[in-house]
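Q: upload-v5.cif is reproduced below (mmCIF, C-alpha atoms).
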data_coords
#
loop_
_atom_site.label_atom_id
_atom_site.label_comp_id
_atom_site.auth_asym_id
_atom_site.auth_seq_id
_atom_site.Cartn_x
_atom_site.Cartn_y
_atom_site.Cartn_z
CA MET Y 621 0.00 0.00 0.00
CA ALA Y 622 1.39 3.41 -0.96
CA LYS Y 623 1.76 5.83 1.95
CA GLY Y 624 1.79 9.60 2.09
CA ASN Y 625 -0.48 12.37 1.00
CA VAL Y 626 -2.48 10.64 -1.72
CA ASP Y 627 -5.65 11.83 -3.42
CA HIS Y 628 -7.84 8.71 -3.19
CA LYS Y 629 -10.70 10.00 -5.33
CA LEU Y 630 -11.42 7.97 -8.43
CA LYS Y 631 -10.17 9.87 -11.46
CA ARG Y 632 -11.69 9.88 -14.93
CA LEU Y 633 -9.17 9.09 -17.64
CA ARG Y 634 -9.49 10.11 -21.28
CA ALA Y 635 -7.67 7.60 -23.48
CA TRP Y 636 -5.75 8.26 -26.69
CA VAL Y 637 -6.81 6.79 -30.02
CA GLN Y 638 -4.41 5.79 -32.80
CA ASN Y 639 -5.88 5.85 -36.31
CA TYR Y 640 -3.45 3.49 -38.03
CA GLU Y 641 -4.42 2.39 -41.53
CA TRP Y 642 -4.84 -1.27 -40.50
CA GLY Y 643 -7.60 -0.47 -38.00
CA ARG Y 644 -11.29 -1.23 -38.47
CA SER Y 645 -13.44 1.56 -39.89
CA GLY Y 646 -16.13 3.54 -38.11
CA ALA Y 647 -18.50 2.00 -35.59
CA GLU Y 648 -17.50 -1.58 -36.49
CA ALA Y 649 -14.31 -0.89 -34.48
CA GLU Y 650 -14.50 -1.62 -30.77
CA VAL Y 651 -11.90 1.14 -30.35
CA ALA Y 652 -14.29 3.69 -31.92
CA ARG Y 653 -17.16 2.61 -29.65
CA LEU Y 654 -14.96 2.81 -26.56
CA MET Y 655 -13.67 6.23 -27.67
CA ALA Y 656 -17.23 7.54 -28.01
CA LEU Y 657 -18.16 6.25 -24.55
CA ASN Y 658 -14.91 7.53 -23.04
CA SER Y 659 -14.79 11.03 -24.50
CA GLY Y 660 -18.11 11.66 -26.22
CA ALA Y 661 -16.26 12.15 -29.53
CA GLU Y 662 -18.20 11.48 -32.72
CA ILE Y 663 -17.28 8.39 -34.74
CA ASP Y 664 -16.19 9.05 -38.31
CA PRO Y 665 -17.56 6.19 -40.45
CA ASN Y 666 -14.69 6.56 -42.96
CA LYS Y 667 -11.85 6.68 -40.43
CA PRO Y 668 -9.84 3.65 -39.25
CA TYR Y 669 -9.72 3.19 -35.48
CA ALA Y 670 -6.79 0.94 -34.63
CA GLU Y 671 -5.78 1.27 -30.97
CA LEU Y 672 -7.05 2.80 -27.73
CA TRP Y 673 -4.10 3.66 -25.46
CA MET Y 674 -4.08 4.16 -21.69
CA GLY Y 675 -0.76 5.20 -20.21
CA THR Y 676 1.99 7.82 -20.20
CA HIS Y 677 3.66 7.06 -23.55
CA GLU Y 678 4.74 10.26 -25.33
CA SER Y 679 3.17 9.13 -28.61
CA GLY Y 680 -0.29 8.90 -27.04
CA PRO Y 681 -0.51 10.11 -23.43
CA SER Y 682 -3.71 9.76 -21.44
CA VAL Y 683 -5.32 12.78 -19.82
CA LEU Y 684 -7.06 13.14 -16.45
CA VAL Y 685 -10.36 14.99 -16.70
CA ASP Y 686 -11.26 17.27 -13.81
CA ASP Y 687 -14.91 18.23 -14.29
CA GLU Y 688 -14.99 20.37 -11.13
CA GLN Y 689 -12.18 22.69 -12.25
CA ASN Y 690 -12.89 22.21 -15.97
CA VAL Y 691 -9.23 21.42 -16.70
CA ASP Y 692 -7.37 18.51 -18.26
CA LEU Y 693 -4.04 17.32 -16.88
CA GLY Y 694 -1.68 14.82 -18.50
CA LEU Y 695 -1.53 11.51 -16.61
CA LYS Y 696 2.28 11.66 -16.41
CA GLU Y 697 2.14 15.22 -15.07
CA TRP Y 698 -0.50 14.23 -12.50
CA ILE Y 699 1.56 11.23 -11.35
CA GLY Y 700 4.54 13.59 -11.06
CA LYS Y 701 2.50 15.72 -8.63
CA ASN Y 702 1.13 12.63 -6.83
CA PRO Y 703 4.05 10.17 -6.98
CA ASN Y 704 2.91 8.03 -4.05
CA VAL Y 705 0.08 6.57 -6.12
CA LEU Y 706 2.60 4.26 -7.80
CA GLY Y 707 4.22 2.85 -4.69
CA VAL Y 708 7.89 3.12 -3.70
CA LYS Y 709 9.31 0.27 -5.85
CA VAL Y 710 7.67 1.41 -9.08
CA LEU Y 711 8.61 5.02 -8.38
CA GLU Y 712 12.27 4.16 -7.77
CA THR Y 713 12.49 2.17 -11.03
CA TRP Y 714 10.26 4.11 -13.40
CA GLY Y 715 9.76 7.59 -11.98
CA SER Y 716 6.45 9.12 -13.08
CA HIS Y 717 6.24 6.84 -16.13
CA LEU Y 718 3.84 3.91 -15.93
CA PRO Y 719 5.82 0.68 -16.50
CA PHE Y 720 3.23 -0.57 -19.00
CA LEU Y 721 0.98 0.63 -21.82
CA PHE Y 722 -2.55 -0.73 -21.93
CA LYS Y 723 -3.96 -1.05 -25.46
CA VAL Y 724 -7.23 -2.16 -27.00
CA PRO Y 725 -6.70 -2.90 -30.72
CA SER Y 726 -9.34 -3.23 -33.44
CA VAL Y 727 -7.63 -5.06 -36.28
CA GLY Y 728 -9.03 -4.73 -39.80
CA LYS Y 729 -6.08 -6.26 -41.62
CA ALA Y 730 -2.66 -7.67 -40.82
CA LEU Y 731 -0.18 -5.45 -38.98
CA SER Y 732 3.43 -5.04 -40.08
CA ILE Y 733 6.04 -7.47 -38.75
CA GLN Y 734 7.61 -6.27 -35.50
CA ALA Y 735 10.84 -7.28 -33.79
CA HIS Y 736 11.12 -6.06 -30.22
CA PRO Y 737 14.61 -5.40 -28.79
CA ASP Y 738 15.67 -6.35 -25.28
CA LYS Y 739 16.12 -3.58 -22.69
CA GLU Y 740 19.82 -2.95 -23.37
CA MET Y 741 19.41 -2.83 -27.15
CA ALA Y 742 16.34 -0.60 -26.75
CA LYS Y 743 18.46 1.92 -24.84
CA GLU Y 744 21.12 1.92 -27.56
CA LEU Y 745 18.63 2.21 -30.43
CA HIS Y 746 16.77 5.07 -28.72
CA LYS Y 747 20.07 6.87 -28.15
CA MET Y 748 21.15 6.40 -31.79
CA LYS Y 749 17.82 7.12 -33.51
CA PRO Y 750 15.30 8.69 -31.10
CA ASN Y 751 13.07 9.76 -34.02
CA VAL Y 752 12.67 6.11 -35.07
CA TYR Y 753 12.87 4.34 -31.67
CA LYS Y 754 10.58 6.53 -29.61
CA ASP Y 755 11.52 5.23 -26.16
CA ASP Y 756 14.26 3.23 -24.47
CA ASN Y 757 12.10 0.37 -23.24
CA HIS Y 758 11.90 -3.23 -24.36
CA LYS Y 759 8.44 -4.41 -25.39
CA PRO Y 760 7.36 -7.64 -23.72
CA GLU Y 761 3.70 -8.12 -24.55
CA MET Y 762 0.71 -9.96 -23.12
CA ALA Y 763 -2.49 -10.35 -25.13
CA LEU Y 764 -6.01 -11.17 -23.95
CA ALA Y 765 -8.52 -11.83 -26.72
CA ILE Y 766 -11.97 -10.29 -26.24
CA THR Y 767 -13.07 -11.77 -29.59
CA HIS Y 768 -11.58 -14.53 -31.78
CA PHE Y 769 -8.04 -13.38 -32.61
CA THR Y 770 -5.30 -14.73 -34.86
CA ALA Y 771 -1.64 -13.78 -34.88
CA LEU Y 772 1.77 -14.70 -36.25
CA CYS Y 773 4.17 -14.99 -33.35
CA GLY Y 774 7.72 -16.36 -33.10
CA PHE Y 775 9.61 -18.56 -35.54
CA ILE Y 776 8.62 -22.09 -36.52
CA SER Y 777 10.71 -25.11 -35.49
CA LEU Y 778 13.66 -26.46 -37.51
CA GLN Y 779 11.54 -29.40 -38.68
CA GLU Y 780 8.77 -27.09 -39.92
CA LEU Y 781 11.30 -24.80 -41.59
CA LYS Y 782 12.75 -27.70 -43.55
CA GLN Y 783 9.24 -28.66 -44.64
CA VAL Y 784 8.57 -25.11 -45.84
CA LEU Y 785 11.77 -25.10 -47.90
CA GLU Y 786 10.74 -28.42 -49.46
CA ASP Y 787 7.14 -27.38 -50.15
CA VAL Y 788 7.59 -23.73 -51.19
CA PRO Y 789 10.09 -23.37 -54.04
CA GLU Y 790 9.19 -19.68 -54.33
CA ILE Y 791 10.92 -19.01 -51.00
CA VAL Y 792 14.03 -20.96 -52.03
CA GLU Y 793 14.22 -18.82 -55.19
CA LEU Y 794 14.48 -15.68 -53.04
CA VAL Y 795 16.73 -16.87 -50.20
CA GLY Y 796 19.07 -18.78 -52.50
CA ILE Y 797 19.97 -22.46 -52.67
CA ALA Y 798 23.03 -21.99 -50.40
CA SER Y 799 20.96 -20.61 -47.48
CA ALA Y 800 18.29 -23.26 -47.99
CA LYS Y 801 20.91 -26.04 -48.05
CA GLN Y 802 22.45 -24.67 -44.85
CA VAL Y 803 19.10 -25.26 -43.14
CA MET Y 804 18.46 -28.67 -44.72
CA ASP Y 805 21.89 -29.94 -43.60
CA ILE Y 806 21.30 -29.11 -39.92
CA GLN Y 807 20.50 -31.99 -37.60
CA GLU Y 808 18.76 -31.62 -34.22
CA PRO Y 809 21.94 -32.51 -32.22
CA ASP Y 810 23.78 -29.59 -33.91
CA GLY Y 811 22.44 -27.28 -31.23
CA ALA Y 812 20.35 -24.12 -30.93
CA THR Y 813 23.16 -21.77 -32.00
CA LYS Y 814 23.51 -23.39 -35.41
CA VAL Y 815 19.73 -23.50 -35.91
CA LYS Y 816 19.45 -19.82 -34.92
CA SER Y 817 22.24 -18.85 -37.31
CA ALA Y 818 20.65 -20.69 -40.25
CA LEU Y 819 17.20 -19.25 -39.48
CA ARG Y 820 18.68 -15.75 -39.27
CA SER Y 821 20.35 -16.24 -42.65
CA VAL Y 822 17.14 -17.43 -44.35
CA PHE Y 823 14.93 -14.75 -42.80
CA THR Y 824 17.43 -11.95 -43.52
CA GLN Y 825 17.73 -13.05 -47.15
CA LEU Y 826 13.96 -13.19 -47.47
CA MET Y 827 13.26 -9.80 -45.87
CA SER Y 828 16.08 -8.18 -47.88
CA ALA Y 829 14.74 -9.54 -51.14
CA SER Y 830 12.46 -6.55 -51.74
CA LYS Y 831 15.08 -3.83 -51.12
CA GLU Y 832 16.62 -3.39 -54.57
CA MET Y 833 14.68 -2.93 -57.80
CA ALA Y 834 15.79 -6.21 -59.40
CA SER Y 835 15.10 -8.10 -56.16
CA LYS Y 836 11.75 -6.39 -55.81
CA GLU Y 837 10.72 -7.69 -59.22
CA MET Y 838 11.84 -11.19 -58.16
CA THR Y 839 9.77 -10.87 -54.99
CA THR Y 840 6.65 -9.78 -56.87
CA LYS Y 841 7.12 -12.63 -59.34
CA ALA Y 842 7.67 -15.21 -56.57
CA ILE Y 843 4.51 -14.14 -54.71
CA SER Y 844 2.52 -14.20 -57.95
CA LYS Y 845 3.79 -17.72 -58.72
CA LEU Y 846 2.92 -18.92 -55.21
CA LYS Y 847 -0.58 -17.43 -55.45
CA SER Y 848 -1.21 -19.03 -58.86
CA ARG Y 849 0.10 -22.39 -57.67
CA LEU Y 850 -2.06 -22.40 -54.52
CA LEU Y 851 -5.20 -21.38 -56.42
CA LEU Y 852 -4.56 -24.19 -58.88
CA GLU Y 853 -3.90 -26.75 -56.13
CA SER Y 854 -7.02 -25.64 -54.24
CA GLN Y 855 -9.06 -27.15 -57.06
CA VAL Y 856 -7.75 -30.65 -56.33
CA ARG Y 857 -7.02 -30.56 -52.58
CA SER Y 858 -7.91 -28.66 -49.42
CA LEU Y 859 -5.34 -25.98 -48.70
CA ARG Y 860 -3.60 -25.99 -45.33
CA GLU Y 861 -4.35 -23.16 -42.89
CA LYS Y 862 -1.06 -21.40 -43.56
CA GLU Y 863 -1.65 -21.58 -47.31
CA GLU Y 864 -5.10 -20.02 -46.94
CA LEU Y 865 -3.52 -17.36 -44.72
CA VAL Y 866 -0.94 -16.55 -47.41
CA LEU Y 867 -3.72 -16.00 -49.96
CA GLU Y 868 -5.58 -13.75 -47.52
CA LEU Y 869 -2.45 -11.71 -46.80
CA GLU Y 870 -1.73 -11.39 -50.51
CA LYS Y 871 -5.19 -9.82 -50.98
CA GLN Y 872 -4.41 -7.27 -48.28
CA TYR Y 873 -0.82 -6.55 -49.32
CA PRO Y 874 -0.19 -7.60 -52.94
CA GLY Y 875 3.50 -8.16 -53.68
CA ASP Y 876 4.60 -7.56 -50.06
CA ILE Y 877 7.43 -9.75 -48.74
CA GLY Y 878 5.46 -10.19 -45.50
CA VAL Y 879 3.15 -12.54 -47.42
CA LEU Y 880 6.00 -15.07 -47.73
CA SER Y 881 7.51 -14.42 -44.30
CA ALA Y 882 4.25 -15.61 -42.73
CA LEU Y 883 5.29 -19.15 -43.65
CA LEU Y 884 8.28 -18.89 -41.28
CA LEU Y 885 6.22 -17.76 -38.28
CA ASN Y 886 3.90 -19.62 -35.90
CA TYR Y 887 0.19 -19.19 -36.65
CA VAL Y 888 -1.58 -18.67 -33.32
CA LYS Y 889 -5.34 -18.62 -32.67
CA LEU Y 890 -6.88 -17.19 -29.51
CA LYS Y 891 -10.45 -17.73 -28.40
CA ALA Y 892 -12.34 -14.97 -26.63
CA GLY Y 893 -11.10 -14.78 -23.04
#
Represent the structure of the file as structure tokens.

A:
Amino acid sequence: MAKGNVDHKLKRLRAWVQNYEWGRSGAEAEVARLMALNSGAEIDPNKPYAELWMGTHESGPSVLVDDEQNVDLGLKEWIGKNPNVLGVKVLETWGSHLPFLFKVPSVGKALSIQAHPDKEMAKELHKMKPNVYKDDNHKPEMALAITHFTALCGFISLQELKQVLEDVPEIVELVGIASAKQVMDIQEPDGATKVKSALRSVFTQLMSASKEMASKEMTTKAISKLKSRLLLESQVRSLREKEELVLELEKQYPGDIGVLSALLLNYVKLKAG
């Protein structure tokens, strides 16, 4: 229990809304409905509502609403004036920043691939490029589904990776036979370091394939070939879940390398709750 001179009255918080392009549009977005209830703001039927944020992050800080004095105060600023609300341990470690950011997302189409650094690397990246890496924190995440939710999370196993390289020649075309062979030659007893190195090589080659003009054309061609092949095969067999996912992603992002990278990631399904 925090001690000291603390204002124990319940405070009303106005959340921040992020209108990223991948969000759901208008009132079909849970984020838009929550925003309307939270702030009374009108929902724009043509606007995407992607995330509702509650916290002290600079890119979307929450605001405390004081109806009595008719003033708004930033949550971080209010915590700074009432530091005991956080408790001694949190205060010593984080200062007036909350050590978490609470988000409610409404996802209309697939998000971009994200790689979260650890705490030390986050500090370095923020120091080097503060305009790109907005803060110096790592980003461990916990998700709770309030509706059916699907995600791509973490890399597939060595065995699955070998199967992908056997079944999807379009990926081998882009990563090169040498990188593919490096993976196929690995045996389980070779150890995690070797597996990690081979996976890094394949994924780096794949994600780099769309950087240069010539490579970009190869990428577009490879995705087109994969799409045509899967549509043809769907006439004689049931497509696997990942294959159906690839076709769905290709509709959302035609020619994007992320369509192929999905085959190297775990496909996770969450039920509500």

Q: What does the PyMOL selection byres ((chain Y and resi 760-774) around 6) select in this file, as a PyMOL selection string?

A: chain Y and resi 759+775+885-893

Q: Grab the CA of Thr813 (chain Y) to CA of Lys801 (chain Y) distance for me, in Å with one decimal place.

A: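 Computing it gives 16.8 Å between the two atoms.
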
Q: Can you measure CA of Gly700 (chain Y) to CA of Glu671 (chain Y) for me? One decimal in Å is fine.

A: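 Computing the Euclidean distance for CA of Gly700 (chain Y) and CA of Glu671 (chain Y) yields 25.6 Å.
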
Q: Report as a compact mmCIF listing (two decimals) with C-alpha atoms, in the frame of the given file all protein, DNA and RNA residues lying within 8 Å of Lys743 (chain Y), evaluated on only C-alpha atoms, omitting residues in the same chain fewer than 2 positions from it.

A:
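Generated file (part38.txt):
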# COMPACT_ATOMS: atom_id res chain seq x y z
CA LYS Y 739 16.12 -3.58 -22.69
CA GLU Y 740 19.82 -2.95 -23.37
CA MET Y 741 19.41 -2.83 -27.15
CA LEU Y 745 18.63 2.21 -30.43
CA HIS Y 746 16.77 5.07 -28.72
CA LYS Y 747 20.07 6.87 -28.15
CA ASP Y 755 11.52 5.23 -26.16
CA ASP Y 756 14.26 3.23 -24.47
CA ASN Y 757 12.10 0.37 -23.24

Q: How would you write, as a VMD selection string, the residues chosen by the PyMOL selection byres ((chain Y and resi 825-839) around 10) on this structure?

A: chain Y and resid 790 to 796 799 819 to 824 840 to 845 875 to 878 880 to 881

Q: Find the residue from Y:Pro725, Y:Gly715, Y:Pro789, Y:Gly694 that sits nearest to Leu654 (chain Y); use all atoms listed in the file when measuring.

A: Y:Pro725

Q: Please provide as number ranges by chain all residues within 7 Å of Lys667 (chain Y), with the sequence filter that same-chain residues fewer than 3 positions apart are discarded (counting all atoms listed in the file).

A: Y: 645-646, 664

Q: For Val784 (chain Y), which residue among Y:Arg634, Y:Lys862, Y:His758, Y:Arg653 is the nearest when counting all atoms listed in the file?

A: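 Nearest candidate to Val784 (chain Y) out of Y:Arg634, Y:Lys862, Y:His758, Y:Arg653: Y:Lys862.
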
Q: What does the distance from CA of Val651 (chain Y) to CA of Met674 (chain Y) come to in Å, to one decimal?

A: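 According to the coordinates, CA of Val651 (chain Y) and CA of Met674 (chain Y) are separated by 12.1 Å.
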
Q: Write region 848-881 of chain Y as a compact mmCIF listing (two decimals), keeping the file's coordinate frame, completed to N, CA and C atoms.

A:
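Printed below is rebuild_6.txt as written:
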# COMPACT_ATOMS: atom_id res chain seq x y z
N SER Y 848 -0.66 -18.25 -57.75
CA SER Y 848 -1.21 -19.03 -58.86
C SER Y 848 -1.17 -20.52 -58.56
N ARG Y 849 -0.06 -20.97 -57.99
CA ARG Y 849 0.10 -22.39 -57.67
C ARG Y 849 -0.93 -22.83 -56.62
N LEU Y 850 -1.11 -22.03 -55.59
CA LEU Y 850 -2.06 -22.40 -54.52
C LEU Y 850 -3.50 -22.39 -55.03
N LEU Y 851 -3.84 -21.43 -55.86
CA LEU Y 851 -5.20 -21.38 -56.42
C LEU Y 851 -5.47 -22.59 -57.30
N LEU Y 852 -4.44 -23.01 -58.02
CA LEU Y 852 -4.56 -24.19 -58.88
C LEU Y 852 -4.71 -25.45 -58.04
N GLU Y 853 -3.86 -25.57 -57.00
CA GLU Y 853 -3.90 -26.75 -56.13
C GLU Y 853 -5.18 -26.82 -55.32
N SER Y 854 -5.78 -25.66 -55.03
CA SER Y 854 -7.02 -25.64 -54.24
C SER Y 854 -8.18 -26.31 -54.96
N GLN Y 855 -8.02 -26.49 -56.28
CA GLN Y 855 -9.06 -27.15 -57.06
C GLN Y 855 -9.02 -28.67 -56.92
N VAL Y 856 -7.89 -29.20 -56.45
CA VAL Y 856 -7.75 -30.65 -56.33
C VAL Y 856 -7.50 -31.12 -54.89
N ARG Y 857 -7.23 -30.19 -53.99
CA ARG Y 857 -7.02 -30.56 -52.58
C ARG Y 857 -7.41 -29.40 -51.67
N SER Y 858 -7.63 -29.71 -50.40
CA SER Y 858 -7.91 -28.66 -49.42
C SER Y 858 -6.59 -27.99 -49.02
N LEU Y 859 -6.55 -26.69 -49.09
CA LEU Y 859 -5.34 -25.98 -48.70
C LEU Y 859 -5.16 -26.02 -47.18
N ARG Y 860 -3.90 -26.05 -46.76
CA ARG Y 860 -3.60 -25.99 -45.33
C ARG Y 860 -3.89 -24.57 -44.81
N GLU Y 861 -4.02 -24.46 -43.50
CA GLU Y 861 -4.35 -23.16 -42.89
C GLU Y 861 -3.37 -22.06 -43.28
N LYS Y 862 -2.09 -22.38 -43.22
CA LYS Y 862 -1.06 -21.40 -43.56
C LYS Y 862 -1.17 -20.97 -45.02
N GLU Y 863 -1.52 -21.90 -45.89
CA GLU Y 863 -1.65 -21.58 -47.31
C GLU Y 863 -2.84 -20.64 -47.55
N GLU Y 864 -3.94 -20.91 -46.85
CA GLU Y 864 -5.10 -20.02 -46.94
C GLU Y 864 -4.76 -18.63 -46.39
N LEU Y 865 -3.96 -18.62 -45.31
CA LEU Y 865 -3.52 -17.36 -44.72
C LEU Y 865 -2.69 -16.55 -45.71
N VAL Y 866 -1.79 -17.22 -46.41
CA VAL Y 866 -0.94 -16.55 -47.41
C VAL Y 866 -1.81 -15.89 -48.48
N LEU Y 867 -2.83 -16.57 -48.94
CA LEU Y 867 -3.72 -16.00 -49.96
C LEU Y 867 -4.48 -14.79 -49.42
N GLU Y 868 -4.88 -14.88 -48.15
CA GLU Y 868 -5.58 -13.75 -47.52
C GLU Y 868 -4.66 -12.55 -47.37
N LEU Y 869 -3.43 -12.79 -46.95
CA LEU Y 869 -2.45 -11.71 -46.80
C LEU Y 869 -2.11 -11.08 -48.14
N GLU Y 870 -2.06 -11.91 -49.18
CA GLU Y 870 -1.73 -11.39 -50.51
C GLU Y 870 -2.83 -10.45 -51.01
N LYS Y 871 -4.08 -10.72 -50.62
CA LYS Y 871 -5.19 -9.82 -50.98
C LYS Y 871 -5.00 -8.47 -50.32
N GLN Y 872 -4.57 -8.50 -49.04
CA GLN Y 872 -4.41 -7.27 -48.28
C GLN Y 872 -3.18 -6.48 -48.69
N TYR Y 873 -2.09 -7.20 -48.99
CA TYR Y 873 -0.82 -6.55 -49.32
C TYR Y 873 -0.18 -7.21 -50.55
N PRO Y 874 -0.72 -6.96 -51.73
CA PRO Y 874 -0.19 -7.60 -52.94
C PRO Y 874 1.30 -7.29 -53.14
N GLY Y 875 2.07 -8.35 -53.39
CA GLY Y 875 3.50 -8.16 -53.68
C GLY Y 875 4.37 -7.87 -52.47
N ASP Y 876 3.82 -7.87 -51.26
CA ASP Y 876 4.60 -7.56 -50.06
C ASP Y 876 5.34 -8.80 -49.56
N ILE Y 877 6.60 -8.63 -49.19
CA ILE Y 877 7.43 -9.75 -48.74
C ILE Y 877 6.87 -10.41 -47.47
N GLY Y 878 6.09 -9.64 -46.71
CA GLY Y 878 5.46 -10.19 -45.50
C GLY Y 878 4.55 -11.36 -45.79
N VAL Y 879 4.02 -11.42 -47.01
CA VAL Y 879 3.15 -12.54 -47.42
C VAL Y 879 3.92 -13.86 -47.30
N LEU Y 880 5.17 -13.85 -47.78
CA LEU Y 880 6.00 -15.07 -47.73
C LEU Y 880 6.56 -15.32 -46.33
N SER Y 881 6.90 -14.25 -45.63
CA SER Y 881 7.51 -14.42 -44.30
C SER Y 881 6.55 -15.08 -43.32
